[in-house]
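Trainee: Provided below: query_19.txt, containing compact mmCIF, C-alpha atoms (C1' of nucleotides).
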```
# COMPACT_ATOMS: atom_id res chain seq x y z
CA MET A 1 107.77 110.79 93.93
CA PRO A 2 106.76 109.01 97.04
CA GLU A 3 108.17 105.57 97.52
CA LEU A 4 107.72 103.40 100.58
CA PRO A 5 109.53 105.69 103.07
CA GLU A 6 107.60 108.76 102.00
CA VAL A 7 104.20 107.06 102.02
CA GLU A 8 105.01 105.41 105.34
CA THR A 9 105.98 108.77 106.82
CA ILE A 10 102.69 110.26 105.71
CA ARG A 11 100.84 107.22 107.01
CA ARG A 12 102.34 107.50 110.48
CA GLN A 13 101.69 111.21 110.71
CA LEU A 14 98.13 110.94 109.45
CA ALA A 15 97.36 107.99 111.70
CA GLU A 16 98.11 110.19 114.69
CA LYS A 17 95.94 112.98 113.40
CA ILE A 18 92.91 111.39 111.80
CA ILE A 19 92.12 108.05 113.44
CA GLY A 20 88.86 108.65 115.28
CA ARG A 21 87.89 111.61 113.13
CA LYS A 22 84.87 111.41 110.88
CA LEU A 23 84.40 112.05 107.17
CA ASP A 24 80.71 112.37 106.18
CA GLY A 25 79.77 110.71 109.42
CA ARG A 26 81.98 107.66 108.94
CA GLU A 27 84.75 107.25 111.46
CA ILE A 28 88.31 106.47 110.43
CA THR A 29 89.44 103.37 112.30
CA ASP A 30 92.85 102.80 110.76
CA VAL A 31 95.41 104.30 108.40
CA ARG A 32 97.41 101.66 106.57
CA ARG A 33 99.90 101.37 103.76
CA ARG A 34 100.31 98.66 101.14
CA ALA A 35 103.14 99.17 98.64
CA LYS A 36 102.92 102.88 97.80
CA ILE A 37 99.16 102.97 98.42
CA LEU A 38 97.70 104.71 101.45
CA ILE A 39 94.53 103.25 102.93
CA PHE A 40 91.99 104.84 105.27
CA ASP A 41 89.62 102.29 106.79
CA PHE A 42 86.17 103.38 108.00
CA ASN A 43 83.93 101.90 110.64
CA ASP A 44 81.36 100.88 108.01
CA GLY A 45 83.79 98.49 106.32
CA THR A 46 84.61 100.81 103.42
CA SER A 47 88.01 102.31 102.71
CA LEU A 48 89.44 105.31 100.95
CA ILE A 49 92.63 104.61 99.06
CA PHE A 50 95.23 106.94 97.57
CA HIS A 51 98.16 106.72 95.20
CA LEU A 52 100.31 109.86 95.16
CA LYS A 53 102.23 108.84 92.01
CA LEU A 54 104.86 111.47 91.16
CA THR A 55 103.72 114.70 92.72
CA GLY A 56 100.82 113.95 95.06
CA GLN A 57 100.80 115.43 98.56
CA LEU A 58 98.46 114.84 101.47
CA ILE A 59 98.75 117.63 103.99
CA PHE A 60 96.81 117.77 107.22
CA ASN A 61 95.32 121.21 107.84
CA GLY A 62 97.40 122.59 104.98
CA LYS A 63 96.24 125.50 102.94
CA SER A 64 94.89 124.92 99.48
CA SER A 65 96.81 126.05 96.43
CA PRO A 66 96.20 126.13 92.66
CA TYR A 67 97.36 122.50 92.69
CA THR A 68 94.82 121.36 95.25
CA ARG A 69 92.66 118.71 93.66
CA LYS A 70 90.59 117.73 96.67
CA VAL A 71 89.86 118.87 100.20
CA PHE A 72 88.59 116.27 102.66
CA ASN A 73 86.63 117.97 105.44
CA PHE A 74 86.44 116.19 108.76
CA ASP A 75 83.36 116.62 110.95
CA ASP A 76 85.37 118.57 113.52
CA GLY A 77 86.47 121.20 111.01
CA SER A 78 89.95 119.90 110.34
CA GLN A 79 90.95 119.23 106.76
CA LEU A 80 93.11 117.03 104.59
CA ILE A 81 94.43 118.67 101.42
CA PHE A 82 95.33 116.64 98.34
CA ASN A 83 97.74 118.56 96.10
CA ASP A 84 99.04 117.13 92.83
CA VAL A 85 100.84 119.20 90.20
CA ARG A 86 101.01 116.52 87.55
CA LYS A 87 97.60 115.00 88.24
CA PHE A 88 98.80 111.41 88.00
CA GLY A 89 97.72 110.62 91.53
CA TRP A 90 94.32 109.23 92.38
CA TRP A 91 91.99 108.32 95.23
CA LYS A 92 88.90 106.21 95.36
CA LYS A 93 86.37 104.73 97.70
CA VAL A 94 86.29 100.96 97.86
CA LYS A 95 84.20 98.39 99.71
CA GLY A 96 87.22 96.27 100.57
CA THR A 97 90.94 96.37 99.91
CA LYS A 98 91.69 92.68 99.48
CA GLU A 99 91.63 92.73 95.70
CA ILE A 100 93.94 95.74 95.53
CA GLU A 101 96.34 94.44 98.12
CA GLU A 102 96.67 91.12 96.32
CA LYS A 103 98.04 92.82 93.21
CA PHE A 104 101.33 93.51 94.94
CA GLY A 105 104.29 91.37 95.86
CA PRO A 106 105.44 91.08 99.46
CA GLU A 107 106.18 94.26 101.38
CA ALA A 108 109.83 95.23 101.08
CA LEU A 109 110.16 95.57 104.86
CA GLU A 110 108.47 92.26 105.60
CA ILE A 111 110.10 89.83 103.22
CA ASN A 112 112.61 87.35 104.62
CA LEU A 113 115.71 86.00 102.93
CA LYS A 114 114.21 82.66 102.05
CA THR A 115 111.17 84.17 100.34
CA PHE A 116 113.32 86.77 98.61
CA SER A 117 115.63 84.07 97.27
CA VAL A 118 112.75 81.92 96.07
CA LEU A 119 111.12 84.84 94.29
CA LEU A 120 114.42 85.78 92.66
CA SER A 121 114.91 82.21 91.46
CA LYS A 122 111.74 82.62 89.40
CA ARG A 123 113.10 85.67 87.62
CA LEU A 124 116.60 84.60 86.70
CA ASN A 125 116.78 86.53 83.45
CA SER A 126 115.54 89.84 84.86
CA ARG A 127 117.80 92.78 85.43
CA ILE A 128 117.96 93.59 89.11
CA LYS A 129 117.04 97.27 89.19
CA PRO A 130 113.80 97.10 87.19
CA LEU A 131 112.90 93.99 89.16
CA LEU A 132 113.31 95.77 92.51
CA MET A 133 111.01 98.50 91.17
CA ASP A 134 108.38 96.00 90.01
CA GLN A 135 105.59 96.32 92.56
CA LYS A 136 104.24 92.89 91.67
CA PHE A 137 107.61 91.40 92.56
CA ILE A 138 108.35 93.34 95.76
CA ALA A 139 106.30 96.26 97.01
CA GLY A 140 107.46 99.75 97.90
CA ILE A 141 110.75 100.42 96.11
CA GLY A 142 111.02 103.02 93.34
CA ASN A 143 113.75 104.73 91.37
CA ILE A 144 115.53 106.57 94.18
CA TYR A 145 115.80 103.72 96.65
CA SER A 146 116.61 101.06 94.07
CA ASP A 147 119.67 103.11 93.11
CA GLU A 148 120.71 103.63 96.73
CA ILE A 149 120.13 99.98 97.67
CA LEU A 150 122.17 98.65 94.75
CA PHE A 151 125.02 101.05 95.49
CA ALA A 152 125.10 99.93 99.11
CA ALA A 153 125.05 96.28 98.01
CA LYS A 154 127.69 96.94 95.33
CA VAL A 155 125.53 95.49 92.58
CA HIS A 156 125.32 97.00 89.10
CA PRO A 157 121.72 97.89 88.16
CA LEU A 158 121.87 95.90 84.91
CA ARG A 159 123.01 92.65 86.53
CA ARG A 160 120.76 89.72 85.75
CA VAL A 161 119.46 87.78 88.70
CA LYS A 162 121.12 84.57 87.53
CA THR A 163 124.55 86.20 87.88
CA LEU A 164 124.04 87.16 91.53
CA GLY A 165 125.81 85.23 94.24
CA LYS A 166 124.31 84.35 97.61
CA LYS A 167 126.25 87.05 99.36
CA GLU A 168 125.03 89.66 96.91
CA ILE A 169 121.42 88.58 97.34
CA GLY A 170 121.84 88.80 101.09
CA ASP A 171 123.45 92.22 100.79
CA ILE A 172 120.62 93.50 98.61
CA LEU A 173 118.01 92.40 101.14
CA LYS A 174 120.00 93.77 104.08
CA ASN A 175 120.24 97.13 102.38
CA ILE A 176 116.58 97.15 101.38
CA ARG A 177 115.84 97.01 105.10
CA LYS A 178 118.60 99.33 106.20
CA ILE A 179 118.02 102.07 103.65
CA LEU A 180 114.23 102.05 103.75
CA LYS A 181 114.24 102.16 107.55
CA GLU A 182 116.80 104.93 107.67
CA ALA A 183 114.82 106.88 105.08
CA ILE A 184 111.64 106.49 107.13
CA ARG A 185 113.54 107.75 110.17
CA ARG A 186 114.51 110.82 108.12
CA HIS A 187 110.94 111.32 106.91
CA GLY A 188 111.78 110.42 103.32
CA SER A 189 113.57 112.12 100.45
CA SER A 190 112.40 115.55 99.33
CA VAL A 191 113.80 115.72 95.83
CA ARG A 192 111.32 118.13 94.38
CA ASP A 193 107.65 117.98 95.29
CA TYR A 194 107.60 115.70 98.25
CA PHE A 195 106.34 117.07 101.54
CA ASP A 196 105.13 115.06 104.50
CA ALA A 197 101.66 115.29 106.03
CA TYR A 198 102.73 118.33 108.04
CA GLY A 199 103.90 120.11 104.89
CA GLU A 200 107.55 119.62 105.82
CA LYS A 201 110.43 118.26 103.79
CA GLY A 202 112.03 114.90 104.40
CA ASP A 203 115.70 114.82 105.24
CA TYR A 204 116.99 111.74 103.52
CA ALA A 205 117.98 113.29 100.17
CA LYS A 206 121.13 114.64 101.73
CA TYR A 207 122.23 111.08 102.46
CA HIS A 208 121.77 109.93 98.87
CA LYS A 209 125.03 108.50 97.58
CA VAL A 210 124.25 107.98 93.90
CA TYR A 211 120.76 109.16 93.03
CA GLN A 212 121.13 112.38 91.00
CA LYS A 213 124.87 112.38 91.66
CA GLU A 214 125.98 111.89 88.06
CA GLY A 215 129.48 113.34 87.52
CA GLU A 216 130.25 113.53 91.25
CA LYS A 217 132.88 111.47 92.99
CA CYS A 218 131.86 108.22 94.61
CA LEU A 219 132.11 108.66 98.38
CA ARG A 220 133.47 105.15 98.69
CA CYS A 221 136.11 104.96 95.94
CA GLY A 222 136.37 108.33 94.22
CA ALA A 223 135.27 107.10 90.80
CA ILE A 224 132.76 109.22 88.89
CA ILE A 225 129.10 108.35 89.39
CA ALA A 226 127.44 107.34 86.13
CA ARG A 227 123.90 107.56 84.88
CA ILE A 228 122.36 105.25 82.32
CA LYS A 229 118.85 104.66 81.03
CA ILE A 230 117.13 101.41 81.81
CA GLY A 231 113.73 101.08 80.22
CA GLY A 232 113.35 104.83 80.02
CA ARG A 233 114.29 105.42 83.65
CA SER A 234 117.52 106.85 85.02
CA ALA A 235 119.82 104.58 86.95
CA HIS A 236 122.72 106.05 88.91
CA PHE A 237 125.64 103.96 90.10
CA CYS A 238 129.38 103.85 90.71
CA PRO A 239 131.04 102.00 87.83
CA LYS A 240 133.91 100.93 90.04
CA CYS A 241 132.05 99.82 93.18
CA GLN A 242 129.27 98.26 91.12
CA PRO A 243 131.03 96.53 88.23
CA TYR A 244 128.93 94.99 85.50
CA VAL A 245 129.15 91.23 85.60
CA ASN A 246 127.44 89.24 82.91
CA PHE A 247 128.21 85.74 84.08
CA TYR A 248 127.85 83.81 87.25
CA LEU A 249 130.43 84.40 89.94
CA ARG A 250 130.74 82.07 92.88
CA ARG A 251 130.82 84.34 95.89
CA GLY A 252 130.36 82.46 99.07
C1' DC B 1 108.95 85.90 80.30
C1' DA B 2 111.72 90.28 79.22
C1' DA B 3 112.26 94.81 77.40
C1' DT B 4 110.83 99.00 75.26
C1' DC B 5 107.69 102.58 74.22
C1' DG B 6 103.85 105.63 74.62
C1' DT B 7 100.73 107.68 77.89
C1' DC B 8 98.58 110.40 81.65
C1' DC B 9 100.23 116.13 83.08
C1' DT B 10 102.83 120.22 84.44
C1' DG B 11 107.03 122.73 85.77
C1' DC B 12 111.73 123.40 85.82
C1' DG B 13 116.43 123.79 84.48
C1' DG B 14 120.05 123.43 81.05
C1' DG B 15 121.68 124.85 76.83
C1' DC B 16 121.76 127.68 72.94
C1' DT C 1 117.70 137.50 78.50
C1' DG C 2 114.48 134.46 76.54
C1' DC C 3 112.96 130.44 74.38
C1' DC C 4 112.77 125.52 73.50
C1' DC C 5 113.57 120.96 74.63
C1' DG C 6 114.26 117.20 77.52
C1' DC C 7 113.53 115.41 81.73
C1' DA C 8 111.20 114.18 86.26
C1' DG C 9 110.14 110.16 91.94
C1' DG C 10 104.89 105.86 88.99
C1' DA C 11 102.63 102.46 86.67
C1' DC C 12 99.71 100.62 83.05
C1' DG C 13 98.90 98.54 78.54
C1' DA C 14 100.44 97.40 73.89
C1' DT C 15 103.91 95.53 71.18
C1' DT C 16 107.90 92.89 69.73
```
Mind converting the file's structure to structure tokens?

Mentor:
Amino acid sequence: MPELPEVETIRRQLAEKIIGRKLDGREITDVRRRAKILIFDFNDGTSLIFHLKLTGQLIFNGKSSPYTRKVFNFDDGSQLIFNDVRKFGWWKKVKGTKEIEEKFGPEALEINLKTFSVLLSKRLNSRIKPLLMDQKFIAGIGNIYSDEILFAAKVHPLRRVKTLGKKEIGDILKNIRKILKEAIRRHGSSVRDYFDAYGEKGDYAKYHKVYQKEGEKCLRCGAIIARIKIGGRSAHFCPKCQPYVNFYLRRG
DNA sequence: CAATCGTCCTGCGGGC
DNA sequence: TGCCCGCAGGACGATT
């Protein structure tokens, strides 16, 4: 479920609520995010890290439910509830976060065009959608936003990197920034289980243009949105706006 | 290096 | 109506 915009929304909300509060006597000094991982730093140098995977929720002063897997009790009586229907999510205490943070590629909202281009040039035979979702390549993008980004950039999800022109690479990066930022502004996409740290839904799903729009008309050209499987995952795209190109095109 | 598949787990919605 | 099957936003490891 949660991709970068959803985790970032939760991070911002929790930072406001829990920095300065204490868990078991240790004070929270910072709430950070790396890729889709949420990090609470404590004043003793330890950290508590979370991955929400598909259905995890972290709700401040929420009420517990049959899907509550953990309740974190702050010293002042407030609570943080971890719900997780499918139980794929996890949390753990660590002494430092360096090792974990180094596993990921650059943050999607921090990478510049030069770095992005250099990284792409090392993966010329990869298909673009799975690559954008590869956290070791670039961190924070999942299935929803990769579909939306590629639609906005007019790039077919199966295109191999070596067939992409400079303009297309620039358009992909521009839309990574644009779409992720807009989604953060809308508090993320509530497709099914996602709720923010206040237990409220994000608004961005209603701006999705291709994700879960199979059979609907493309808002840009009127063609019918298609869905295919790529490595077991659904990819949604407009076959007319995002034509499949299997050879190099010189495009400015 | 690239791609696919199985795996963790539960609920929901479509189709019959 | 009711049941069964396939599918779901993530990510890892094994295999080819």

Trainee: In Å, how far is it from atom CA of A:Thr29 to atom CA of A:Pro5?

Mentor: 22.2 Å

Trainee: Which residues of stretch 67-145 of chain A come within 12 Å of chain C, and what is each one's closest atom pair and distance in Å (one decimal), counting only C-alpha atoms (C1' of nucleotides), sorted by chain and residue number, as CSV?

Mentor:
```
residue,atom,partner,partner_atom,distance
A:Arg86,CA,C:DA8,C1',10.5
A:Lys87,CA,C:DG10,C1',11.7
A:Phe88,CA,C:DG10,C1',8.3
A:Gly89,CA,C:DG10,C1',9.0
A:Trp90,CA,C:DG10,C1',11.6
A:Met133,CA,C:DG10,C1',9.8
A:Asp134,CA,C:DA11,C1',9.3
A:Gln135,CA,C:DA11,C1',9.0
A:Lys136,CA,C:DA11,C1',10.9
A:Gly140,CA,C:DG10,C1',11.1
A:Ile141,CA,C:DG9,C1',10.6
A:Gly142,CA,C:DG9,C1',7.3
A:Asn143,CA,C:DG9,C1',6.5
A:Ile144,CA,C:DG9,C1',6.9
A:Tyr145,CA,C:DG9,C1',9.8
```

Trainee: What is the atom CA of A:Leu158-atom C1' of B:DA2 distance in Å, reported with one decimal?

Mentor: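 Atom C1' of B:DA2 lies at a distance of 12.9 Å from atom CA of A:Leu158.
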
Trainee: Could you jot down the atom CA of A:Gly215 to atom CA of A:Pro2 separation for me, Å, one decimal place?

Mentor: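 Interatomic distance here is 25.0 Å.
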
Trainee: Which residues, written as a ChimeraX atom specification, have at least one atom at most 12 Å from A:Ser146, with only C-alpha atoms (C1' of nucleotides) counted and residues fewer than 3 positions away on the same chain left out?

Mentor: /A:3-4,108,128-134,138-143,149-158,172-173,175-177,179-180,208-211,233-237 /C:9

Trainee: Put those residues in a file: C-alpha atoms (C1' of nucleotides), as a CSV table (one decimal), in the coordinates of the input.

Mentor:
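Generated file (out11.csv):
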```csv
chain,number,residue,atom,x,y,z
A,3,GLU,CA,108.2,105.6,97.5
A,4,LEU,CA,107.7,103.4,100.6
A,108,ALA,CA,109.8,95.2,101.1
A,128,ILE,CA,118.0,93.6,89.1
A,129,LYS,CA,117.0,97.3,89.2
A,130,PRO,CA,113.8,97.1,87.2
A,131,LEU,CA,112.9,94.0,89.2
A,132,LEU,CA,113.3,95.8,92.5
A,133,MET,CA,111.0,98.5,91.2
A,134,ASP,CA,108.4,96.0,90.0
A,138,ILE,CA,108.4,93.3,95.8
A,139,ALA,CA,106.3,96.3,97.0
A,140,GLY,CA,107.5,99.8,97.9
A,141,ILE,CA,110.8,100.4,96.1
A,142,GLY,CA,111.0,103.0,93.3
A,143,ASN,CA,113.8,104.7,91.4
A,149,ILE,CA,120.1,100.0,97.7
A,150,LEU,CA,122.2,98.6,94.8
A,151,PHE,CA,125.0,101.0,95.5
A,152,ALA,CA,125.1,99.9,99.1
A,153,ALA,CA,125.0,96.3,98.0
A,154,LYS,CA,127.7,96.9,95.3
A,155,VAL,CA,125.5,95.5,92.6
A,156,HIS,CA,125.3,97.0,89.1
A,157,PRO,CA,121.7,97.9,88.2
A,158,LEU,CA,121.9,95.9,84.9
A,172,ILE,CA,120.6,93.5,98.6
A,173,LEU,CA,118.0,92.4,101.1
A,175,ASN,CA,120.2,97.1,102.4
A,176,ILE,CA,116.6,97.2,101.4
A,177,ARG,CA,115.8,97.0,105.1
A,179,ILE,CA,118.0,102.1,103.6
A,180,LEU,CA,114.2,102.0,103.8
A,208,HIS,CA,121.8,109.9,98.9
A,209,LYS,CA,125.0,108.5,97.6
A,210,VAL,CA,124.2,108.0,93.9
A,211,TYR,CA,120.8,109.2,93.0
A,233,ARG,CA,114.3,105.4,83.6
A,234,SER,CA,117.5,106.8,85.0
A,235,ALA,CA,119.8,104.6,87.0
A,236,HIS,CA,122.7,106.0,88.9
A,237,PHE,CA,125.6,104.0,90.1
C,9,DG,C1',110.1,110.2,91.9
```

Trainee: Around (95.2, 115.5, 99.9) in the file's own coordinates, what residues are found within 7 Å if you use only C-alpha atoms (C1' of nucleotides), given back as a list in words?

Mentor: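 Those within range, by chain then number, are Gln57, Leu58, Ile59, Lys70, Val71, Leu80, Ile81, Phe82 and Asn83 of chain A.
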
Trainee: Could you give me, as a Markdown table, every chain B residue with an atom at most 7 Å from chain A, plus its closest atom pair and distance in Å to one decimal, counting only C-alpha atoms (C1' of nucleotides), rows ordered by chain then number?

Mentor:
```
| residue | atom | partner | partner_atom | distance |
| --- | --- | --- | --- | --- |
| B:DA2 | C1' | A:Ser126 | CA | 6.8 |
| B:DT4 | C1' | A:Gly231 | CA | 6.1 |
| B:DC8 | C1' | A:Phe88 | CA | 6.4 |
| B:DC9 | C1' | A:Arg86 | CA | 4.6 |
| B:DT10 | C1' | A:Arg86 | CA | 5.2 |
```

Trainee: Atoms are missing here; could stretch 159-170 of chain A be completed with all heavy atoms and written as an mmCIF file, keeping the file's coordinate frame?

Mentor:
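Everything below was put into result.cif:
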```
data_model
loop_
_atom_site.group_PDB
_atom_site.id
_atom_site.type_symbol
_atom_site.label_atom_id
_atom_site.label_comp_id
_atom_site.auth_asym_id
_atom_site.auth_seq_id
_atom_site.Cartn_x
_atom_site.Cartn_y
_atom_site.Cartn_z
ATOM 1 N N ARG A 159 122.718 94.072 86.275
ATOM 2 C CA ARG A 159 123.010 92.650 86.530
ATOM 3 C C ARG A 159 121.756 91.804 86.410
ATOM 4 O O ARG A 159 120.684 92.176 86.895
ATOM 5 C CB ARG A 159 123.583 92.498 87.943
ATOM 6 C CG ARG A 159 124.964 93.100 88.136
ATOM 7 C CD ARG A 159 126.080 92.181 87.711
ATOM 8 N NE ARG A 159 126.104 90.930 88.454
ATOM 9 C CZ ARG A 159 126.643 90.787 89.678
ATOM 10 N NH1 ARG A 159 127.193 91.805 90.304
ATOM 11 N NH2 ARG A 159 126.642 89.603 90.260
ATOM 12 N N ARG A 160 121.895 90.649 85.789
ATOM 13 C CA ARG A 160 120.760 89.720 85.750
ATOM 14 C C ARG A 160 120.776 88.866 87.011
ATOM 15 O O ARG A 160 121.836 88.556 87.556
ATOM 16 C CB ARG A 160 120.839 88.849 84.500
ATOM 17 C CG ARG A 160 120.568 89.644 83.240
ATOM 18 C CD ARG A 160 120.499 88.775 82.011
ATOM 19 N NE ARG A 160 120.584 89.603 80.811
ATOM 20 C CZ ARG A 160 119.536 90.174 80.207
ATOM 21 N NH1 ARG A 160 118.317 89.993 80.693
ATOM 22 N NH2 ARG A 160 119.691 90.919 79.133
ATOM 23 N N VAL A 161 119.590 88.517 87.442
ATOM 24 C CA VAL A 161 119.460 87.780 88.700
ATOM 25 C C VAL A 161 120.315 86.523 88.706
ATOM 26 O O VAL A 161 120.941 86.187 89.709
ATOM 27 C CB VAL A 161 117.978 87.460 88.964
ATOM 28 C CG1 VAL A 161 117.827 86.495 90.120
ATOM 29 C CG2 VAL A 161 117.201 88.750 89.228
ATOM 30 N N LYS A 162 120.385 85.839 87.566
ATOM 31 C CA LYS A 162 121.120 84.570 87.530
ATOM 32 C C LYS A 162 122.619 84.743 87.747
ATOM 33 O O LYS A 162 123.315 83.767 88.016
ATOM 34 C CB LYS A 162 120.877 83.841 86.207
ATOM 35 C CG LYS A 162 121.393 84.569 84.992
ATOM 36 C CD LYS A 162 120.977 83.835 83.727
ATOM 37 C CE LYS A 162 121.316 84.679 82.506
ATOM 38 N NZ LYS A 162 120.647 84.171 81.302
ATOM 39 N N THR A 163 123.128 85.979 87.648
ATOM 40 C CA THR A 163 124.550 86.200 87.880
ATOM 41 C C THR A 163 124.858 86.571 89.335
ATOM 42 O O THR A 163 126.019 86.752 89.688
ATOM 43 C CB THR A 163 125.107 87.329 86.976
ATOM 44 O OG1 THR A 163 124.646 88.602 87.454
ATOM 45 C CG2 THR A 163 124.691 87.142 85.533
ATOM 46 N N LEU A 164 123.821 86.714 90.149
ATOM 47 C CA LEU A 164 124.040 87.160 91.530
ATOM 48 C C LEU A 164 124.425 86.002 92.435
ATOM 49 O O LEU A 164 123.791 84.941 92.402
ATOM 50 C CB LEU A 164 122.772 87.821 92.086
ATOM 51 C CG LEU A 164 122.278 89.068 91.354
ATOM 52 C CD1 LEU A 164 120.945 89.526 91.936
ATOM 53 C CD2 LEU A 164 123.308 90.188 91.430
ATOM 54 N N GLY A 165 125.433 86.231 93.252
ATOM 55 C CA GLY A 165 125.810 85.230 94.240
ATOM 56 C C GLY A 165 124.977 85.356 95.501
ATOM 57 O O GLY A 165 124.252 86.330 95.693
ATOM 58 N N LYS A 166 125.085 84.341 96.358
ATOM 59 C CA LYS A 166 124.310 84.350 97.610
ATOM 60 C C LYS A 166 124.597 85.577 98.463
ATOM 61 O O LYS A 166 123.708 86.156 99.061
ATOM 62 C CB LYS A 166 124.618 83.089 98.420
ATOM 63 C CG LYS A 166 123.765 81.912 98.033
ATOM 64 C CD LYS A 166 123.992 80.750 98.987
ATOM 65 C CE LYS A 166 123.224 79.514 98.519
ATOM 66 N NZ LYS A 166 123.612 78.309 99.238
ATOM 67 N N LYS A 167 125.881 85.907 98.533
ATOM 68 C CA LYS A 167 126.250 87.050 99.360
ATOM 69 C C LYS A 167 125.612 88.338 98.816
ATOM 70 O O LYS A 167 125.134 89.175 99.574
ATOM 71 C CB LYS A 167 127.759 87.213 99.440
ATOM 72 C CG LYS A 167 128.155 88.449 100.227
ATOM 73 C CD LYS A 167 129.603 88.477 100.618
ATOM 74 C CE LYS A 167 129.914 89.606 101.599
ATOM 75 N NZ LYS A 167 129.263 90.873 101.303
ATOM 76 N N GLU A 168 125.615 88.462 97.506
ATOM 77 C CA GLU A 168 125.030 89.660 96.910
ATOM 78 C C GLU A 168 123.529 89.736 97.168
ATOM 79 O O GLU A 168 122.982 90.806 97.457
ATOM 80 C CB GLU A 168 125.321 89.696 95.410
ATOM 81 C CG GLU A 168 126.801 89.950 95.130
ATOM 82 C CD GLU A 168 127.134 89.836 93.656
ATOM 83 O OE1 GLU A 168 126.646 88.910 92.984
ATOM 84 O OE2 GLU A 168 127.902 90.688 93.173
ATOM 85 N N ILE A 169 122.863 88.605 97.066
ATOM 86 C CA ILE A 169 121.420 88.580 97.340
ATOM 87 C C ILE A 169 121.154 88.973 98.791
ATOM 88 O O ILE A 169 120.258 89.776 99.079
ATOM 89 C CB ILE A 169 120.838 87.187 97.009
ATOM 90 C CG1 ILE A 169 120.850 87.004 95.481
ATOM 91 C CG2 ILE A 169 119.431 87.027 97.571
ATOM 92 C CD1 ILE A 169 120.515 85.600 95.011
ATOM 93 N N GLY A 170 121.980 88.430 99.679
ATOM 94 C CA GLY A 170 121.840 88.800 101.090
ATOM 95 C C GLY A 170 122.110 90.280 101.304
ATOM 96 O O GLY A 170 121.400 90.944 102.081
#
```
